[in-house]
Every structure is written in structure tokens, then in C-alpha cells.
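Here's the structure we're looking at; comments come further down.
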Amino acid sequence: MLAMILLSLLLSPCARAQDLPAHARLTDELAASLALSRSPEVRAARARAAAAQAAARLDSRPQDPRLTAMDLSGPGGRNEQIGVDFDLWSLIGYASRRRAGQAQSARAAAELAESALDLEAEAKSAFYEVQAASASVALCRDRRREALASAQWADAQSGAGDVARLDAQRLRADAEESALAVDDGEARLEMARARLARLMRVPAEADWGDVGAPQPPAGVVPDAAALTTMARARRPRRAAALAAARAARAAAFDRGNRAFGDFRGGVAYEYDLGARLVGPSLQMNVPATGRGSLGMDQARAQAEEADARADEDDAEIEEDVRALSSRLDSAARRARRLDAAVLPLRESIVAELSTRPGARPTSRRELSAAKDQEISSRLRLIEARRDYWTARAELERAVGGSLDATEVQP
């Protein structure tokens with residue numbers, strides 16, 4: 001999963017704000033794809049990952065040898081000194097630094113993938129908000145039309161003395177309230193579109209066509225325990241924490257050695273008064289102050305800290321998965337109950353009141369109230385479905401990808 005995310009990021013060039021692909025219907029997946037391919041945040045994260053990987057490779061390589069030369073001459077003769085020495089700690093600790101560098105590279109790649117997951121979840125959530133706001137505005141407009149029709153009917157009937165003046169005023173007030181609800185809904189839709197346009201890097205005034213309404217809950221979601229297993233296996237954030245712990249443990253040996261100070265060795269050549277001398281050279285600090293043992297203690301403490309942070313991330317991921325799983329289940333149950341039980345009853349009440357003979361004021365008020373309650377239930381259904389899909393997008397981020405039960409590792 002992590003490799004697939006990284007591959008998609010590497011193959012997706014970033015771009016400035018541009019129109020939607022021609023003849024493409026906007027969906028949650030398309031919104032996420034556009035956000036990933038055009039986001040400057042992902043481009044910056046990709047650059048940070050490349051810099052971190054380059055730094056890890058640089059740190060893992062031994063230091064270059066050092067060449068020293070002196071040529072001293074005077075009336076009494078001439079002296080030449082040439083030496084080549086190496087940082088022995090960089091040679092002795094090469095294997096540990098190489099492992100640490102590989103772990104740091106893996107950490108940078110995982111952090112890039114985590115950034116992509118965050119952006120994908122945000123883009124999908126923004127798309128679901130646009131869907132919900134668009135569908136809610138349509139229902140609020142229906143409610144306004146019904147309220148205006150009731151108010152006009154009340155005005156006509158009040159002139160004939162069939163409807164009380166206060167009832168007519170109440171219906172006119174309801175019509176004004178419904179108009180305010182439409183204004184609020186349109187403002188909410190405009191803000192949702194602006195947010196999604198920013199994420200997709202498209203002009204806010206672009207024509208997106210019909211984005212549809214939030215769909216009913218779909219698919220079987222694994223239980224919280226299975227989702228936690230998926231998260232531990234696939235979540236880039238956990239992979240980054242584990243890589244940081246591996247890097248700290250691998251670097252502990254080299255950091256402890258460095259605490260002793262310089263340790264260099266090489267070959268020295270000297271020409272003095274016609275004599276040529278060649279031999280090994282060695283430079284090192286005398287461990288008289290205990291710096292070496294303190295350095296080892298520091299390195300071990302840093303490794304333990306990294307392990308503790310990885311364990312803390314584990315606990316946070318598990319808590320996040322369980323909370324989102326509960327939120328998803330709650331939204332799904334609300335949406336299914338509204339769709340299967342509440343709405344059919346509301347619709348049957350409206351249908352029965354619509355077929356009653358006569359146009360008595362009481363019947364008209366009952367029908368208007370029944371239609372208003374039906375619209376309220378539909379609005380609640382839209383919100384429940386939006387909550388479901390938003391929670392699902394967040395849960396996909398938490399587990400590191402698809403919620404397909406077939407992907408759960410045994």
C-alpha cells in the first residue's frame with residue numbers, strides 16, 4: 001500500500017489551478033486524484049522526502065581522507081612531511097550508519113505517504129460536503145416553494161374568512177424562514193465549493209456539473225480489531241515511527257563512539273636531513289573524563305525515546321481507528337433507519353393527506369406540516385450519509401488505504 005501511494009505521487013506532476021478534465025464527471029476519487037496531482041503541499045512534502053533521503057545517504061558514507069603536507073627549509077636543511085589519515089569512527093561505524101540511513105529514508109518515504117493520505121481524506125470529505133450542501137439546498141428550495149404556496153393559500157382564505165389572521169401570519173413567517181434557510185444553504189454550498197476548488201486547484205467558478213447526492217452506506221466494514229490490524233500493517237505514520245526507532249537504535253553505536261572524540265589513523269611520510277621515514281599515524285583522545293560512557297548512555301536513551309514514541313503512535317492509531325469505526329457505524333445505522341423506516345412513514349402520511357377530499361384549512365395545515373416533516377427527514381438523511389462517507393474517508397486514512405475486508409491480514 002505504501003509503495004502504491006509513493007508511486008502515484010512520483011508519477012503525478014503538480015500544476016497550477018486549471019480546469020477539470022474534459023467530459024469527466026466529478027467524483028470523490030477524481031477529486032482526491034486531482035488534489036494529489038496538483039497540490040503544492042504534496043510537492044513540498046516530496047521535496048522534503050528527497051532532501052531527507054539525500055541527507056541520510058550523505059550521513060551514511062565514510063568521511064573523505066584528509067591529506068596534510070609540510071615543506072620546511074632553511075640554512076640548516078630541509079624537512080618534508082606528508083600524511084594521509086582517515087576518520088576511523090566513520091569506517092568502524094559504517095554498517096550502523098548505513099542501517100540508520102536506510103531507516104531514515106524509509107521514514108521520509110512514509111511521511112510523504114502520510115501527507116498524501118491526509119490530503120486524500122480531506123479532498124474526499126470536502127467532496128461529500130459539496131454533495132450534502134447541494135442536495136440540502138435543493139430540499140430547502142422545495143420547502144420554500146411549499147411554504148410560499150401555503151402562505152398564498154392562507155392569504156386567499158383569510159380574505160374569505162376561512163383562515164384566522166394569526167394563522168396566515170404564521171404561514172407567512174414560515175415562508176420567510178424557509179427563504180432564510182435557502183440563503184444559508186447556498187452560502188454553505190459556496191464555502192464547500194471554494195474549499196474543494198482550493199484542494200483540487202481548479203477555479204472556484206468552474207462548472208462541475210451534477211455532483212449528485214450522498215450515496216447510501218455501502219459494503220461491509222471489518223470490525224475495529226481487524227481494522228487495527230490493517231492499520232498496524234499499512235499505516236505510513238506507524239511505518240515512519242518504527243523507521244525512526246530503527247534509525248535511532250542503528251545510530252546508537254556510532255553516536256557512542258563519537259562521544260570519545262577524534263579517532264583517526266593513516267600513513268605518515270617524513271624526509272629530514274636525507275633520511276626518509278614512513279609509518280602509521282594515529283590520533284585519538286584519551287578517555288579520561290568519561291565522555292565515552294556518557295555518550296553511550298545518551299545514544300541508548302535516544303533509542304529508547306524513539307521506541308516509546310513508536311509505542312505511543314501505536315496506541316494513538318488504535319484509539320483513532322476505534323473512534324472512527326464507532327462513528328462510521330453510528331452514521332450508517334442512522335442513515336439506514338432514516339431510509340428504511342422514517343422516510344417511508346413520512347411519505348405515506350403525505351400521500352394519504354394529499355388524497356383526502358376537500359380543502360379544509362385543517363387538512364391544508366396538516367398536509368403542509370407533513371411535507372415539512374418529510375423534508376426535515378430527508379435533510380437528516382443527507383447529513384447522516386455525509387457523516388458516513390466522511391467517517392469512511394477518515395477511517396481509510398487511519399488504516400492506510402481501502403477498507404475492503406479481503407485485505408485484512410490473518
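Here's how to read the names in the C-alpha cells: chain A, B, ... by the order shown, residue numbers from 1 in each chain, ligand numbers from 1 in the order shown.
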Contacts of stretch 360-376 of chain A within 7 Å, only C-alpha atoms, excl. fewer than 4 positions in-chain, as a PyMOL selection string
chain A and resi 139+143+163+343+346-347+349-350+353-354+380
Put those residues in a file: N, CA and C atoms, as a short mmCIF file (atom, residue, chain, number, x, y, z; two decimals), in the first residue's frame.
data_model
loop_
_atom_site.label_atom_id
_atom_site.label_comp_id
_atom_site.auth_asym_id
_atom_site.auth_seq_id
_atom_site.Cartn_x
_atom_site.Cartn_y
_atom_site.Cartn_z
N LEU A 139 -33.50 20.67 -1.39
CA LEU A 139 -34.63 20.40 -0.50
C LEU A 139 -35.14 21.68 0.17
N ARG A 143 -38.85 23.24 0.14
CA ARG A 143 -39.56 23.68 1.35
C ARG A 143 -40.04 25.13 1.19
N VAL A 163 -59.66 31.35 7.23
CA VAL A 163 -58.41 31.14 7.97
C VAL A 163 -58.19 32.33 8.89
N LEU A 343 -38.42 7.65 6.57
CA LEU A 343 -38.90 8.28 5.33
C LEU A 343 -40.13 7.60 4.74
N ARG A 346 -43.06 8.95 6.59
CA ARG A 346 -43.32 10.34 6.24
C ARG A 346 -43.98 10.44 4.86
N GLU A 347 -43.48 9.66 3.91
CA GLU A 347 -44.05 9.70 2.56
C GLU A 347 -45.49 9.19 2.54
N ILE A 349 -47.64 9.34 4.98
CA ILE A 349 -48.51 10.35 5.60
C ILE A 349 -48.84 11.45 4.60
N VAL A 350 -47.82 11.92 3.87
CA VAL A 350 -48.06 12.96 2.86
C VAL A 350 -48.99 12.45 1.77
N LEU A 353 -52.61 12.31 3.16
CA LEU A 353 -53.21 13.64 3.32
C LEU A 353 -53.48 14.29 1.97
N SER A 354 -52.64 13.97 0.97
CA SER A 354 -52.84 14.57 -0.36
C SER A 354 -54.07 14.04 -1.05
N ARG A 380 -32.07 15.23 7.26
CA ARG A 380 -31.34 14.41 8.23
C ARG A 380 -30.68 13.21 7.55
#
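For stretch 70-87 of chain A, the non-local neighbours within 7 Å, defined as residues at least 5 positions apart in the same chain or in other chains and counting only C-alpha atoms, are A:Gln63, A:Pro65, A:Phe263, A:Arg264, A:Gly265, A:Gly266, A:Val267, A:Ala268, A:Tyr269, A:Glu270, A:Tyr271, A:Asp272, A:Leu273.
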Using only C-alpha atoms, which protein or nucleic acid residues come within 9 Å of A:Arg255? Drop anything in the same chain fewer than 4 positions from it, and give the result as a ChimeraX atom specification.
/A:93,251,259,295-296,298-299
Restricted to N, CA and C atoms, what would the selected residues look like written as a PDB file, in the first residue's frame?
ATOM      1  N   GLY A  93      31.967   2.601  12.122  1.00  0.00           N
ATOM      2  CA  GLY A  93      30.513   2.699  12.264  1.00  0.00           C
ATOM      3  C   GLY A  93      29.757   2.739  10.953  1.00  0.00           C
ATOM      4  N   ALA A 251      21.905   4.057  14.937  1.00  0.00           N
ATOM      5  CA  ALA A 251      22.885   5.131  15.092  1.00  0.00           C
ATOM      6  C   ALA A 251      23.498   5.175  16.482  1.00  0.00           C
ATOM      7  N   ALA A 259      31.329  10.060  20.914  1.00  0.00           N
ATOM      8  CA  ALA A 259      31.458  10.751  22.194  1.00  0.00           C
ATOM      9  C   ALA A 259      32.879  10.678  22.750  1.00  0.00           C
ATOM     10  N   GLY A 295      28.293   9.319  26.388  1.00  0.00           N
ATOM     11  CA  GLY A 295      27.764   9.319  25.021  1.00  0.00           C
ATOM     12  C   GLY A 295      26.961   8.069  24.721  1.00  0.00           C
ATOM     13  N   MET A 296      27.445   6.923  25.205  1.00  0.00           N
ATOM     14  CA  MET A 296      26.693   5.686  25.014  1.00  0.00           C
ATOM     15  C   MET A 296      25.354   5.750  25.746  1.00  0.00           C
ATOM     16  N   GLN A 298      23.642   8.431  26.364  1.00  0.00           N
ATOM     17  CA  GLN A 298      22.781   9.331  25.598  1.00  0.00           C
ATOM     18  C   GLN A 298      22.196   8.626  24.380  1.00  0.00           C
ATOM     19  N   ALA A 299      23.040   7.876  23.678  1.00  0.00           N
ATOM     20  CA  ALA A 299      22.570   7.177  22.483  1.00  0.00           C
ATOM     21  C   ALA A 299      21.503   6.147  22.831  1.00  0.00           C
TER      22      ALA A 299
END
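Ranking A:Ala315, A:Ala133, A:Ala56, A:Ala384 by their shortest atom-to-atom distance to A:Arg193, with only C-alpha atoms included, puts A:Ala133 first.
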Within 10 Å of A:Pro236 using only C-alpha atoms, minus same-chain residues under 3 positions, as a list of chain:residue names
A:Met1, A:Leu2, A:Ile5, A:Ala106, A:Arg107, A:Ala108, A:Ala109, A:Ala110, A:Glu111, A:Leu112, A:Ala113, A:Glu114, A:Ser115, A:Ala116, A:Leu117, A:Ala231, A:Arg232, A:Ala233, A:Ala239, A:Ala240, A:Ala241, A:Leu242, A:Arg397, A:Ala398, A:Val399, A:Gly400, A:Gly401
For the selection just defined, write its residues with N, CA and C atoms to a file, as a compact mmCIF listing (two decimals), in the first residue's frame.
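The file below, again.txt, is the result:
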# COMPACT_ATOMS: atom_id res chain seq x y z
N MET A 1 0.83 -1.20 0.00
CA MET A 1 0.00 0.00 0.00
C MET A 1 0.87 1.25 0.00
N LEU A 2 1.92 1.27 0.86
CA LEU A 2 2.82 2.41 0.93
C LEU A 2 3.52 2.62 -0.40
N ILE A 5 1.13 4.24 -2.95
CA ILE A 5 0.94 5.66 -2.69
C ILE A 5 2.13 6.46 -3.19
N ALA A 106 13.43 5.38 4.75
CA ALA A 106 12.09 4.78 4.87
C ALA A 106 11.16 5.70 5.65
N ARG A 107 11.69 6.37 6.65
CA ARG A 107 10.86 7.30 7.43
C ARG A 107 10.40 8.46 6.55
N ALA A 108 11.30 9.01 5.73
CA ALA A 108 10.92 10.12 4.85
C ALA A 108 9.86 9.70 3.85
N ALA A 109 10.01 8.49 3.30
CA ALA A 109 9.01 7.99 2.34
C ALA A 109 7.67 7.79 3.02
N ALA A 110 7.69 7.27 4.25
CA ALA A 110 6.43 7.05 4.97
C ALA A 110 5.76 8.38 5.32
N GLU A 111 6.53 9.39 5.68
CA GLU A 111 5.95 10.69 5.99
C GLU A 111 5.33 11.31 4.75
N LEU A 112 5.94 11.11 3.59
CA LEU A 112 5.35 11.58 2.34
C LEU A 112 4.02 10.88 2.07
N ALA A 113 4.00 9.57 2.26
CA ALA A 113 2.76 8.82 2.05
C ALA A 113 1.68 9.25 3.05
N GLU A 114 2.09 9.55 4.27
CA GLU A 114 1.11 10.02 5.27
C GLU A 114 0.51 11.36 4.86
N SER A 115 1.34 12.24 4.30
CA SER A 115 0.82 13.52 3.81
C SER A 115 -0.18 13.31 2.69
N ALA A 116 0.10 12.34 1.83
CA ALA A 116 -0.83 12.04 0.74
C ALA A 116 -2.15 11.49 1.27
N LEU A 117 -2.08 10.62 2.28
CA LEU A 117 -3.32 10.09 2.87
C LEU A 117 -4.15 11.21 3.50
N ALA A 231 -4.34 -1.24 10.16
CA ALA A 231 -3.60 -0.01 10.39
C ALA A 231 -2.15 -0.29 10.78
N ARG A 232 -1.95 -1.31 11.62
CA ARG A 232 -0.58 -1.63 12.03
C ARG A 232 0.25 -2.13 10.87
N ALA A 233 -0.40 -2.76 9.90
CA ALA A 233 0.34 -3.30 8.76
C ALA A 233 0.57 -2.26 7.67
N ALA A 239 4.65 3.27 10.13
CA ALA A 239 5.90 2.89 9.47
C ALA A 239 6.97 3.94 9.72
N ALA A 240 6.59 5.23 9.72
CA ALA A 240 7.55 6.29 9.98
C ALA A 240 8.06 6.22 11.41
N ALA A 241 7.17 5.95 12.36
CA ALA A 241 7.59 5.85 13.77
C ALA A 241 8.53 4.67 13.98
N LEU A 242 8.21 3.53 13.37
CA LEU A 242 9.08 2.36 13.50
C LEU A 242 10.43 2.61 12.84
N ARG A 397 -7.95 6.81 5.89
CA ARG A 397 -6.68 7.44 6.24
C ARG A 397 -6.06 6.77 7.45
N ALA A 398 -6.90 6.44 8.44
CA ALA A 398 -6.39 5.86 9.68
C ALA A 398 -5.78 4.48 9.47
N VAL A 399 -6.34 3.68 8.55
CA VAL A 399 -5.83 2.33 8.33
C VAL A 399 -4.85 2.27 7.16
N GLY A 400 -4.65 3.40 6.48
CA GLY A 400 -3.67 3.43 5.41
C GLY A 400 -4.16 2.96 4.06
N GLY A 401 -5.47 2.99 3.81
CA GLY A 401 -5.97 2.60 2.50
C GLY A 401 -7.38 2.05 2.55
Please run DSSP on the backbone and report, as an NGL selection string, all residues within stretch 118-312 of chain A that come out as alpha helix (DSSP H).
:A and (118-159 or 165-200 or 224-234 or 236-258 or 291-312)
Env of A:Ala303: 8 Å cut, atoms = only C-alpha atoms, seq-sep filter 6 positions within chain, self excluded. Answer as an mmCIF file with C-alpha atoms, in the first residue's frame.
data_model
loop_
_atom_site.group_PDB
_atom_site.id
_atom_site.type_symbol
_atom_site.label_atom_id
_atom_site.label_comp_id
_atom_site.auth_asym_id
_atom_site.auth_seq_id
_atom_site.Cartn_x
_atom_site.Cartn_y
_atom_site.Cartn_z
ATOM 1 C CA ALA A 245 13.110 3.895 16.163
ATOM 2 C CA ALA A 248 17.921 5.682 16.488
ATOM 3 C CA ARG A 249 18.963 2.154 17.500
ATOM 4 C CA ALA A 252 23.453 4.461 18.793
#
Which of stretch 39-249 of chain A end up as strand (DSSP E) when DSSP is run on this backbone - answer as a PyMOL selection string?
chain A and resi 66-74+77-87
Serialized selection, C-alpha atoms, as a compact mmCIF listing (two decimals), in the first residue's frame:
# COMPACT_ATOMS: atom_id res chain seq x y z
CA ARG A 66 42.50 14.03 4.96
CA LEU A 67 45.82 14.94 3.36
CA THR A 68 48.38 17.04 5.25
CA ALA A 69 51.70 18.27 3.84
CA MET A 70 54.52 20.49 5.07
CA ASP A 71 57.75 21.56 3.38
CA LEU A 72 60.16 23.33 5.74
CA SER A 73 63.55 24.53 4.51
CA GLY A 74 66.31 26.77 5.80
CA GLY A 77 68.49 21.76 5.76
CA ARG A 78 65.07 20.76 4.53
CA ASN A 79 62.16 18.86 6.12
CA GLU A 80 59.17 17.38 4.28
CA GLN A 81 56.11 15.85 5.96
CA ILE A 82 53.19 14.21 4.15
CA GLY A 83 50.36 12.35 5.79
CA VAL A 84 47.08 10.73 4.83
CA ASP A 85 44.65 9.79 7.58
CA PHE A 86 41.08 8.59 7.85
CA ASP A 87 38.30 9.13 10.34
Counting only C-alpha atoms, what is within 9 Å of A:Asp313, bar same-chain residues fewer than 5 positions away, as a VMD selection string?
chain A and resid 237 to 238 241 308 318
Selected residues written out with C-alpha atoms, as a compact mmCIF listing (two decimals), in the first residue's frame:
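As written to disk, result.txt reads:
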# COMPACT_ATOMS: atom_id res chain seq x y z
CA ARG A 237 2.55 7.07 10.18
CA ARG A 238 3.29 3.86 12.06
CA ALA A 241 7.59 5.85 13.77
CA ALA A 308 8.48 4.88 23.26
CA GLU A 318 -5.61 2.16 17.71
Quick one: contact table of stretch 151-257 of chain A to stretch 100-104 of chain A, 6 Å max, nearest atom pair and distance in Å to one decimal per residue, counting only C-alpha atoms, chain and number order, as CSV?
residue,atom,partner,partner_atom,distance
A:Ala243,CA,A:Ala103,CA,5.0
A:Ala247,CA,A:Ala100,CA,4.1
A:Ala250,CA,A:Ala100,CA,5.0
A:Ala251,CA,A:Ala100,CA,5.6
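Put simply, atom CA of A:Arg57 is 20.9 Å away from atom CA of A:Gln302.
Comparing the minimum interatomic distances between A:Leu119 and each of A:Leu36, A:Ala341, A:Ala31, A:Leu324, counting only C-alpha atoms, we find that A:Leu36 sits nearest.
The nearest approach to A:Ala306 among the residues A:Arg258, A:Arg322, A:Arg334, A:Arg246, with only C-alpha atoms taken into account, belongs to A:Arg246.
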Considering only C-alpha atoms, return as a PyMOL selection string whatever protein or nucleic-acid residues lie within 12 Å of A:Arg333, sequence-local ones (same chain, fewer than 6 positions apart) excluded.
chain A and resi 216-218+326-327+339-341+381+384-385+387-388
Go ahead and write the selection's residues with N, CA and C atoms as a CSV table (one decimal), in the first residue's frame.
chain,number,residue,atom,x,y,z
A,216,PRO,N,-26.1,5.9,-0.3
A,216,PRO,CA,-26.3,5.1,0.9
A,216,PRO,C,-25.1,4.4,1.3
A,217,PRO,N,-25.0,4.1,2.6
A,217,PRO,CA,-23.8,3.3,3.1
A,217,PRO,C,-23.7,2.0,2.3
A,218,ALA,N,-22.4,1.7,1.9
A,218,ALA,CA,-22.2,0.6,1.1
A,218,ALA,C,-21.0,-0.3,1.6
A,326,SER,N,-16.5,3.5,15.3
A,326,SER,CA,-17.7,3.7,16.0
A,326,SER,C,-18.5,4.8,15.4
A,327,ARG,N,-17.8,5.8,15.0
A,327,ARG,CA,-18.5,7.0,14.3
A,327,ARG,C,-19.1,6.5,12.9
A,339,ASP,N,-33.7,5.9,6.1
A,339,ASP,CA,-34.0,5.5,4.8
A,339,ASP,C,-35.1,4.3,4.8
A,340,ALA,N,-35.0,3.4,5.7
A,340,ALA,CA,-35.9,2.2,5.7
A,340,ALA,C,-37.1,2.4,6.5
A,341,ALA,N,-37.1,3.2,7.6
A,341,ALA,CA,-38.2,3.3,8.5
A,341,ALA,C,-38.9,4.7,8.5
A,381,LEU,N,-31.4,12.6,6.6
A,381,LEU,CA,-30.8,11.5,5.8
A,381,LEU,C,-29.5,12.0,5.1
A,384,ALA,N,-26.7,12.3,7.5
A,384,ALA,CA,-26.3,11.0,8.0
A,384,ALA,C,-25.4,10.4,7.0
A,385,ARG,N,-25.8,10.4,5.7
A,385,ARG,CA,-25.0,9.8,4.7
A,385,ARG,C,-23.7,10.6,4.5
A,387,ASP,N,-22.1,12.2,6.9
A,387,ASP,CA,-21.3,11.7,8.0
A,387,ASP,C,-20.7,10.4,7.8
A,388,TYR,N,-21.5,9.5,7.2
A,388,TYR,CA,-20.9,8.1,7.0
A,388,TYR,C,-19.7,8.2,6.0
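Comparing the minimum interatomic distances between A:Ala187 and each of A:Asp210, A:Val321, A:Val137, A:Trp389, counting only C-alpha atoms, we find that A:Val137 sits nearest.
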In Å to one decimal, how far is atom CA of A:Asp184 from atom CA of A:Arg165?
28.9 Å
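Here atom CA of A:Thr390 stands at a distance of 18.5 Å from atom CA of A:Arg235.
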